[in-house]
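Enquirer: Input file: work17.cif. Contents: mmCIF, C-alpha atoms and all ligand atoms.
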data_query
loop_
_atom_site.group_PDB
_atom_site.id
_atom_site.type_symbol
_atom_site.label_atom_id
_atom_site.label_comp_id
_atom_site.auth_asym_id
_atom_site.auth_seq_id
_atom_site.Cartn_x
_atom_site.Cartn_y
_atom_site.Cartn_z
ATOM 1 C CA MET A 1 85.627 94.471 102.262
ATOM 2 C CA GLY A 2 87.960 91.601 102.917
ATOM 3 C CA VAL A 3 89.206 89.467 105.762
ATOM 4 C CA LEU A 4 91.847 92.103 106.571
ATOM 5 C CA ASP A 5 89.042 94.390 107.700
ATOM 6 C CA ASP A 6 88.384 91.968 110.542
ATOM 7 C CA GLU A 7 90.324 92.856 113.653
ATOM 8 C CA ARG A 8 90.520 89.280 114.886
ATOM 9 C CA VAL A 9 91.919 88.119 111.560
ATOM 10 C CA ARG A 10 94.530 90.889 111.651
ATOM 11 C CA GLY A 11 95.463 89.729 115.142
ATOM 12 C CA GLN A 12 95.877 86.186 113.878
ATOM 13 C CA PHE A 13 98.017 87.379 110.967
ATOM 14 C CA LEU A 14 100.226 89.244 113.437
ATOM 15 C CA HIS A 15 100.516 86.148 115.606
ATOM 16 C CA ALA A 16 101.585 84.029 112.614
ATOM 17 C CA TRP A 17 104.083 86.682 111.517
ATOM 18 C CA GLN A 18 105.649 86.836 114.963
ATOM 19 C CA GLU A 19 105.802 83.051 115.245
ATOM 20 C CA SER A 20 107.604 82.783 111.920
ATOM 21 C CA GLN A 21 110.587 84.577 113.537
ATOM 22 C CA ALA A 22 111.413 86.734 110.564
ATOM 23 C CA GLY A 23 115.044 87.549 110.008
ATOM 24 C CA THR A 24 116.388 85.016 112.505
ATOM 25 C CA ALA A 25 118.153 81.681 111.989
ATOM 26 C CA ALA A 26 114.898 80.011 113.032
ATOM 27 C CA ALA A 27 112.813 81.791 110.391
ATOM 28 C CA HIS A 28 110.161 79.510 108.894
ATOM 29 C CA GLU A 29 106.859 79.937 107.151
ATOM 30 C CA GLU A 30 103.564 79.968 109.019
ATOM 31 C CA GLY A 31 100.116 80.086 107.503
ATOM 32 C CA GLY A 32 96.509 79.107 107.753
ATOM 33 C CA PHE A 33 92.946 79.127 106.539
ATOM 34 C CA VAL A 34 90.520 81.975 107.203
ATOM 35 C CA LEU A 35 87.159 80.285 107.687
ATOM 36 C CA ARG A 36 83.647 81.692 107.779
ATOM 37 C CA ASP A 37 80.908 79.953 109.697
ATOM 38 C CA ALA A 38 77.180 80.028 108.997
ATOM 39 C CA ASP A 39 76.777 83.179 111.132
ATOM 40 C CA GLY A 40 79.462 85.034 109.184
ATOM 41 C CA LEU A 41 82.024 84.808 111.969
ATOM 42 C CA LEU A 42 85.616 84.588 110.736
ATOM 43 C CA THR A 43 88.085 82.280 112.424
ATOM 44 C CA VAL A 44 91.616 81.211 111.582
ATOM 45 C CA GLU A 45 92.805 77.625 111.504
ATOM 46 C CA ARG A 46 96.563 77.494 111.380
ATOM 47 C CA TRP A 47 98.526 75.071 109.255
ATOM 48 C CA PRO A 48 101.377 73.060 110.753
ATOM 49 C CA SER A 49 104.549 75.176 110.827
ATOM 50 C CA GLY A 50 106.423 75.129 107.563
ATOM 51 C CA MET A 51 110.044 74.923 106.566
ATOM 52 C CA GLN A 52 112.373 77.863 106.012
ATOM 53 C CA ASN A 53 110.753 78.767 102.709
ATOM 54 C CA GLN A 54 107.893 76.388 102.110
ATOM 55 C CA ILE A 55 104.740 75.274 103.826
ATOM 56 C CA VAL A 56 102.279 72.469 103.217
ATOM 57 C CA VAL A 57 98.571 73.224 102.967
ATOM 58 C CA PRO A 58 96.390 70.606 104.706
ATOM 59 C CA PRO A 59 93.590 68.987 102.677
ATOM 60 C CA HIS A 60 90.491 71.109 102.150
ATOM 61 C CA PRO A 61 88.125 69.262 99.791
ATOM 62 C CA GLY A 62 85.387 71.401 98.326
ATOM 63 C CA GLY A 63 86.825 74.558 99.892
ATOM 64 C CA ILE A 64 85.650 73.416 103.316
ATOM 65 C CA ARG A 65 87.732 72.896 106.431
ATOM 66 C CA SER A 66 86.332 71.876 109.813
ATOM 67 C CA GLY A 67 82.833 72.344 108.400
ATOM 68 C CA ARG A 68 83.465 75.979 107.500
ATOM 69 C CA LEU A 69 83.972 77.738 104.196
ATOM 70 C CA ILE A 70 87.515 78.841 103.352
ATOM 71 C CA VAL A 71 87.285 82.525 102.432
ATOM 72 C CA ALA A 72 91.029 83.178 102.370
ATOM 73 C CA THR A 73 94.388 81.555 102.984
ATOM 74 C CA PHE A 74 97.636 83.137 104.115
ATOM 75 C CA HIS A 75 101.292 82.435 104.734
ATOM 76 C CA THR A 76 104.363 84.354 105.789
ATOM 77 C CA HIS A 77 107.652 85.067 104.025
ATOM 78 C CA PRO A 78 110.027 85.468 106.967
ATOM 79 C CA ASN A 79 113.366 85.276 105.112
ATOM 80 C CA LEU A 80 114.766 88.750 104.778
ATOM 81 C CA GLY A 81 118.061 88.165 102.979
ATOM 82 C CA VAL A 82 118.554 89.516 99.473
ATOM 83 C CA GLU A 83 118.682 85.943 98.146
ATOM 84 C CA PHE A 84 115.042 85.514 99.112
ATOM 85 C CA GLN A 85 112.189 86.922 97.085
ATOM 86 C CA GLN A 86 109.774 88.846 99.273
ATOM 87 C CA GLU A 87 106.790 88.944 96.942
ATOM 88 C CA PRO A 88 104.729 85.808 96.171
ATOM 89 C CA SER A 89 106.657 83.266 94.131
ATOM 90 C CA LEU A 90 105.554 81.535 90.970
ATOM 91 C CA THR A 91 105.058 78.413 93.089
ATOM 92 C CA ASP A 92 102.794 80.394 95.426
ATOM 93 C CA ILE A 93 100.781 81.734 92.511
ATOM 94 C CA ARG A 94 100.354 78.341 90.890
ATOM 95 C CA ALA A 95 99.289 76.763 94.189
ATOM 96 C CA VAL A 96 96.377 79.207 94.395
ATOM 97 C CA ARG A 97 95.479 79.356 90.735
ATOM 98 C CA ASP A 98 95.614 75.604 90.192
ATOM 99 C CA ASP A 99 93.771 74.521 93.340
ATOM 100 C CA PRO A 100 90.280 73.350 92.310
ATOM 101 C CA ASP A 101 89.200 73.264 95.950
ATOM 102 C CA LEU A 102 89.618 77.031 96.222
ATOM 103 C CA ASP A 103 87.642 77.750 93.082
ATOM 104 C CA HIS A 104 84.527 79.234 94.641
ATOM 105 C CA PRO A 105 83.249 82.827 94.471
ATOM 106 C CA ASP A 106 83.714 83.639 98.165
ATOM 107 C CA TYR A 107 87.436 82.846 98.139
ATOM 108 C CA GLU A 108 89.370 86.132 98.321
ATOM 109 C CA GLY A 109 92.755 84.666 97.622
ATOM 110 C CA GLU A 110 95.951 83.959 99.505
ATOM 111 C CA TYR A 111 97.537 86.697 101.583
ATOM 112 C CA VAL A 112 101.326 86.643 101.758
ATOM 113 C CA ILE A 113 102.707 88.496 104.763
ATOM 114 C CA THR A 114 106.186 89.963 104.300
ATOM 115 C CA LEU A 115 108.207 92.505 106.252
ATOM 116 C CA GLU A 116 107.088 95.464 104.165
ATOM 117 C CA TRP A 117 103.883 94.496 102.435
ATOM 118 C CA ILE A 118 100.942 92.164 102.585
ATOM 119 C CA TYR A 119 100.281 90.826 99.108
ATOM 120 C CA ARG A 120 97.264 88.964 97.821
ATOM 121 C CA ILE A 121 97.249 86.278 95.178
ATOM 122 C CA ARG A 122 93.875 86.229 93.513
ATOM 123 C CA LYS A 123 92.307 83.061 92.178
ATOM 124 C CA ASN A 124 93.145 84.134 88.629
ATOM 125 C CA GLY A 125 96.828 84.283 89.543
ATOM 126 C CA GLN A 126 97.031 88.066 89.688
ATOM 127 C CA VAL A 127 99.148 89.457 92.543
ATOM 128 C CA GLU A 128 98.233 92.685 94.329
ATOM 129 C CA ARG A 129 100.093 94.645 96.956
ATOM 130 C CA ILE A 130 97.351 95.248 99.519
ATOM 131 C CA VAL A 131 98.667 97.188 102.494
ATOM 132 C CA GLN A 132 101.853 97.877 104.422
ATOM 133 C CA THR A 133 102.378 95.172 107.000
ATOM 134 C CA LYS A 134 103.307 97.349 109.951
ATOM 135 C CA ALA A 135 100.286 99.573 109.510
ATOM 136 C CA ALA A 136 97.836 96.738 108.975
ATOM 137 C CA LEU A 137 99.110 94.607 111.842
ATOM 138 C CA LYS A 138 99.901 97.532 114.141
ATOM 139 C CA ILE A 139 103.554 96.591 114.519
ATOM 140 C CA THR A 140 105.488 99.348 116.230
HETATM 141 ZN ZN ZN B 201 105.318 81.797 99.621
#
Give the structure from the file, written as structure tokens.
Ligand SMILES: [Zn+2]
Expert:
Amino acid sequence: MGVLDDERVRGQFLHAWQESQAGTAAAHEEGGFVLRDADGLLTVERWPSGMQNQIVVPPHPGGIRSGRLIVATFHTHPNLGVEFQQEPSLTDIRAVRDDPDLDHPDYEGEYVITLEWIYRIRKNGQVERIVQTKAALKIT
């Protein structure tokens, strides 16, 4: 079980992917927090739009944002040229691994949405290829 099992979260991931305009001159990273409220409901709070290949994560002291627990984070990699790495970068991995505010047991990791695959960076820095993007997000 993970946040990708939640249909609303998948819809939000799709929305972020589409807004990041992959493969165009306007391609830029999008991302957000996946938050869980006291009733277990998952919601997504988007980050401000990023640059072509970087994005800034808003403050989230104690793993909390807007009074809700951060159970996952995500961002897109919309640059498709061969000069761009599709999989999570070392910078991405360090940002997750070295963030003390995400060091709680309910944090699943950071999902990185790319054209082919959705990856997950776990808190320990390990990267997993989770699922094919088109299948998970129902892109036809
Ligand atoms: Zn990245």
Enquirer: Determine the residue membership of the PyMOL selection byres (((chain A and resi 117) around 9) and not hetatm) for the file above and supply it as a ChimeraX atom specification.
Expert: /A:86-87,112-116,118-119,129-134
Enquirer: List the neighbours of range 9-14 of chain A out to 12 Å using all atoms listed in the file; skip same-chain residues closer than 3 positions along the sequence, and give me the result as an mmCIF file with C-alpha atoms, in the coordinates of the input.
Expert:
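What ended up in around06.cif:
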data_model
loop_
_atom_site.group_PDB
_atom_site.id
_atom_site.type_symbol
_atom_site.label_atom_id
_atom_site.label_comp_id
_atom_site.auth_asym_id
_atom_site.auth_seq_id
_atom_site.Cartn_x
_atom_site.Cartn_y
_atom_site.Cartn_z
ATOM 1 C CA GLY A 2 87.960 91.601 102.917
ATOM 2 C CA VAL A 3 89.206 89.467 105.762
ATOM 3 C CA LEU A 4 91.847 92.103 106.571
ATOM 4 C CA ASP A 5 89.042 94.390 107.700
ATOM 5 C CA ASP A 6 88.384 91.968 110.542
ATOM 6 C CA TRP A 17 104.083 86.682 111.517
ATOM 7 C CA GLN A 18 105.649 86.836 114.963
ATOM 8 C CA GLU A 19 105.802 83.051 115.245
ATOM 9 C CA SER A 20 107.604 82.783 111.920
ATOM 10 C CA GLN A 21 110.587 84.577 113.537
ATOM 11 C CA ALA A 22 111.413 86.734 110.564
ATOM 12 C CA GLU A 30 103.564 79.968 109.019
ATOM 13 C CA GLY A 31 100.116 80.086 107.503
ATOM 14 C CA GLY A 32 96.509 79.107 107.753
ATOM 15 C CA PHE A 33 92.946 79.127 106.539
ATOM 16 C CA VAL A 34 90.520 81.975 107.203
ATOM 17 C CA LEU A 35 87.159 80.285 107.687
ATOM 18 C CA ARG A 36 83.647 81.692 107.779
ATOM 19 C CA LEU A 41 82.024 84.808 111.969
ATOM 20 C CA LEU A 42 85.616 84.588 110.736
ATOM 21 C CA THR A 43 88.085 82.280 112.424
ATOM 22 C CA VAL A 44 91.616 81.211 111.582
ATOM 23 C CA GLU A 45 92.805 77.625 111.504
ATOM 24 C CA ARG A 46 96.563 77.494 111.380
ATOM 25 C CA VAL A 71 87.285 82.525 102.432
ATOM 26 C CA ALA A 72 91.029 83.178 102.370
ATOM 27 C CA THR A 73 94.388 81.555 102.984
ATOM 28 C CA PHE A 74 97.636 83.137 104.115
ATOM 29 C CA HIS A 75 101.292 82.435 104.734
ATOM 30 C CA THR A 76 104.363 84.354 105.789
ATOM 31 C CA TYR A 111 97.537 86.697 101.583
ATOM 32 C CA VAL A 112 101.326 86.643 101.758
ATOM 33 C CA ILE A 113 102.707 88.496 104.763
ATOM 34 C CA THR A 114 106.186 89.963 104.300
ATOM 35 C CA LEU A 115 108.207 92.505 106.252
ATOM 36 C CA ILE A 118 100.942 92.164 102.585
ATOM 37 C CA VAL A 131 98.667 97.188 102.494
ATOM 38 C CA THR A 133 102.378 95.172 107.000
ATOM 39 C CA LYS A 134 103.307 97.349 109.951
ATOM 40 C CA ALA A 135 100.286 99.573 109.510
ATOM 41 C CA ALA A 136 97.836 96.738 108.975
ATOM 42 C CA LEU A 137 99.110 94.607 111.842
ATOM 43 C CA LYS A 138 99.901 97.532 114.141
ATOM 44 C CA ILE A 139 103.554 96.591 114.519
ATOM 45 C CA THR A 140 105.488 99.348 116.230
#
Enquirer: Step by step, measure atom-to-atom distances between ligand ZN 201 (chain B) and each residue using all atoms listed in the file, keep those at most 6 Å, then write them as a short mmCIF file (atom, residue, chain, number, x, y, z; two decimals) with C-alpha atoms, keeping the file's coordinate frame.
Expert:
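Okay, out_18.cif is ready:
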data_model
loop_
_atom_site.label_atom_id
_atom_site.label_comp_id
_atom_site.auth_asym_id
_atom_site.auth_seq_id
_atom_site.Cartn_x
_atom_site.Cartn_y
_atom_site.Cartn_z
CA HIS A 77 107.65 85.07 104.02
CA PRO A 88 104.73 85.81 96.17
CA SER A 89 106.66 83.27 94.13
CA ASP A 92 102.79 80.39 95.43
#
Enquirer: Do a neighbour search on Gln126 in chain A at 10 Å with all atoms listed in the file, toss out local chain neighbours closer than 3 positions, and write the hits as JSON, numbers by chain.
Expert: {"A": [93, 97, 109, 120, 121, 122, 123]}
Enquirer: Grab the CA of Ser66 in chain A to CA of Ala27 in chain A distance for me, in Å with one decimal place.
Expert: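 For CA of Ser66 in chain A relative to CA of Ala27 in chain A, the distance reads 28.3 Å.
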Enquirer: Enumerate, as a list of chain:residue names, the residues matched when the PyMOL selection byres (((chain A and resi 23) around 9) and not hetatm) is run on the file above.
Expert: A:Gln21, A:Ala22, A:Thr24, A:Ala25, A:Ala26, A:Ala27, A:Pro78, A:Asn79, A:Leu80, A:Gly81
Enquirer: By how many Å are CA of Gln85 in chain A and CA of Arg65 in chain A apart?
Expert: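 Value for the CA of Gln85 in chain A-CA of Arg65 in chain A distance: 29.7 Å.
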Enquirer: At what distance in Å, to one decimal, does CA of Asn124 in chain A lie from CA of Pro105 in chain A?
Expert: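 One can read the CA of Pro105 in chain A to CA of Asn124 in chain A distance as 11.6 Å.
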Enquirer: Of the residues A:Gly63, A:Glu108, A:Leu102, A:Arg68, which is the one nearest to Asp39 in chain A, using only C-alpha atoms?
Expert: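 Closest candidate: A:Arg68.
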Enquirer: List every protein, DNA or RNA residue that has at least one atom no more than 12 Å from (88.5, 69.7, 99.7) in the file's coordinates, counting all atoms listed in the file, and write the result as number ranges by chain.
Expert: A: 57-70, 99-104
Enquirer: Could you add the missing atoms to range 31-65 of chain A, up to N, CA and C atoms, and return them as a short mmCIF file (atom, residue, chain, number, x, y, z; two decimals), in the frame of the given file?
Expert:
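And here's out.cif as it stands now:
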data_model
loop_
_atom_site.label_atom_id
_atom_site.label_comp_id
_atom_site.auth_asym_id
_atom_site.auth_seq_id
_atom_site.Cartn_x
_atom_site.Cartn_y
_atom_site.Cartn_z
N GLY A 31 101.25 79.74 108.34
CA GLY A 31 100.12 80.09 107.50
C GLY A 31 98.84 79.49 108.05
N GLY A 32 97.77 79.67 107.29
CA GLY A 32 96.51 79.11 107.75
C GLY A 32 95.35 79.39 106.82
N PHE A 33 94.21 78.87 107.22
CA PHE A 33 92.95 79.13 106.54
C PHE A 33 92.19 80.21 107.31
N VAL A 34 91.53 81.11 106.59
CA VAL A 34 90.52 81.98 107.20
C VAL A 34 89.17 81.37 106.84
N LEU A 35 88.42 81.02 107.87
CA LEU A 35 87.16 80.28 107.69
C LEU A 35 85.98 81.16 108.10
N ARG A 36 84.87 80.95 107.43
CA ARG A 36 83.65 81.69 107.78
C ARG A 36 82.56 80.69 108.13
N ASP A 37 81.97 80.87 109.29
CA ASP A 37 80.91 79.95 109.70
C ASP A 37 79.56 80.46 109.20
N ALA A 38 78.51 79.72 109.52
CA ALA A 38 77.18 80.03 109.00
C ALA A 38 76.69 81.39 109.47
N ASP A 39 77.19 81.87 110.61
CA ASP A 39 76.78 83.18 111.13
C ASP A 39 77.65 84.32 110.61
N GLY A 40 78.61 84.00 109.74
CA GLY A 40 79.46 85.03 109.18
C GLY A 40 80.70 85.31 110.01
N LEU A 41 80.85 84.61 111.11
CA LEU A 41 82.02 84.81 111.97
C LEU A 41 83.27 84.23 111.31
N LEU A 42 84.35 85.04 111.31
CA LEU A 42 85.62 84.59 110.74
C LEU A 42 86.51 84.00 111.82
N THR A 43 87.09 82.87 111.52
CA THR A 43 88.08 82.28 112.42
C THR A 43 89.29 81.86 111.59
N VAL A 44 90.40 81.65 112.26
CA VAL A 44 91.62 81.21 111.58
C VAL A 44 91.98 79.82 112.09
N GLU A 45 92.25 78.94 111.15
CA GLU A 45 92.80 77.62 111.50
C GLU A 45 94.21 77.56 110.93
N ARG A 46 95.16 77.47 111.82
CA ARG A 46 96.56 77.49 111.38
C ARG A 46 96.98 76.16 110.78
N TRP A 47 97.91 76.26 109.83
CA TRP A 47 98.53 75.07 109.26
C TRP A 47 99.69 74.66 110.16
N PRO A 48 100.14 73.41 110.05
CA PRO A 48 101.38 73.06 110.75
C PRO A 48 102.51 73.97 110.28
N SER A 49 103.42 74.31 111.18
CA SER A 49 104.55 75.18 110.83
C SER A 49 105.28 74.63 109.62
N GLY A 50 105.74 75.54 108.78
CA GLY A 50 106.42 75.13 107.56
C GLY A 50 107.92 75.07 107.73
N MET A 51 108.59 74.93 106.60
CA MET A 51 110.04 74.92 106.57
C MET A 51 110.51 76.36 106.38
N GLN A 52 111.82 76.51 106.15
CA GLN A 52 112.37 77.86 106.01
C GLN A 52 111.64 78.66 104.93
N ASN A 53 111.41 78.01 103.78
CA ASN A 53 110.75 78.77 102.71
C ASN A 53 109.72 77.93 101.97
N GLN A 54 109.05 77.06 102.70
CA GLN A 54 107.89 76.39 102.11
C GLN A 54 106.97 75.92 103.22
N ILE A 55 105.72 75.71 102.84
CA ILE A 55 104.74 75.27 103.83
C ILE A 55 103.72 74.41 103.11
N VAL A 56 103.22 73.41 103.81
CA VAL A 56 102.28 72.47 103.22
C VAL A 56 100.86 72.83 103.66
N VAL A 57 99.97 72.89 102.69
CA VAL A 57 98.57 73.22 102.97
C VAL A 57 97.80 71.94 103.25
N PRO A 58 97.16 71.82 104.41
CA PRO A 58 96.39 70.61 104.71
C PRO A 58 95.21 70.45 103.73
N PRO A 59 94.70 69.22 103.61
CA PRO A 59 93.59 68.99 102.68
C PRO A 59 92.37 69.85 103.01
N HIS A 60 91.66 70.23 101.96
CA HIS A 60 90.49 71.11 102.15
C HIS A 60 89.49 70.86 101.02
N PRO A 61 89.01 69.61 100.91
CA PRO A 61 88.12 69.26 99.79
C PRO A 61 86.89 70.15 99.73
N GLY A 62 86.58 70.59 98.53
CA GLY A 62 85.39 71.40 98.33
C GLY A 62 85.47 72.78 98.93
N GLY A 63 86.69 73.23 99.30
CA GLY A 63 86.82 74.56 99.89
C GLY A 63 86.32 74.63 101.31
N ILE A 64 86.18 73.49 101.95
CA ILE A 64 85.65 73.42 103.32
C ILE A 64 86.73 72.86 104.23
N ARG A 65 86.81 73.41 105.43
CA ARG A 65 87.73 72.90 106.43
C ARG A 65 87.01 72.99 107.78
#
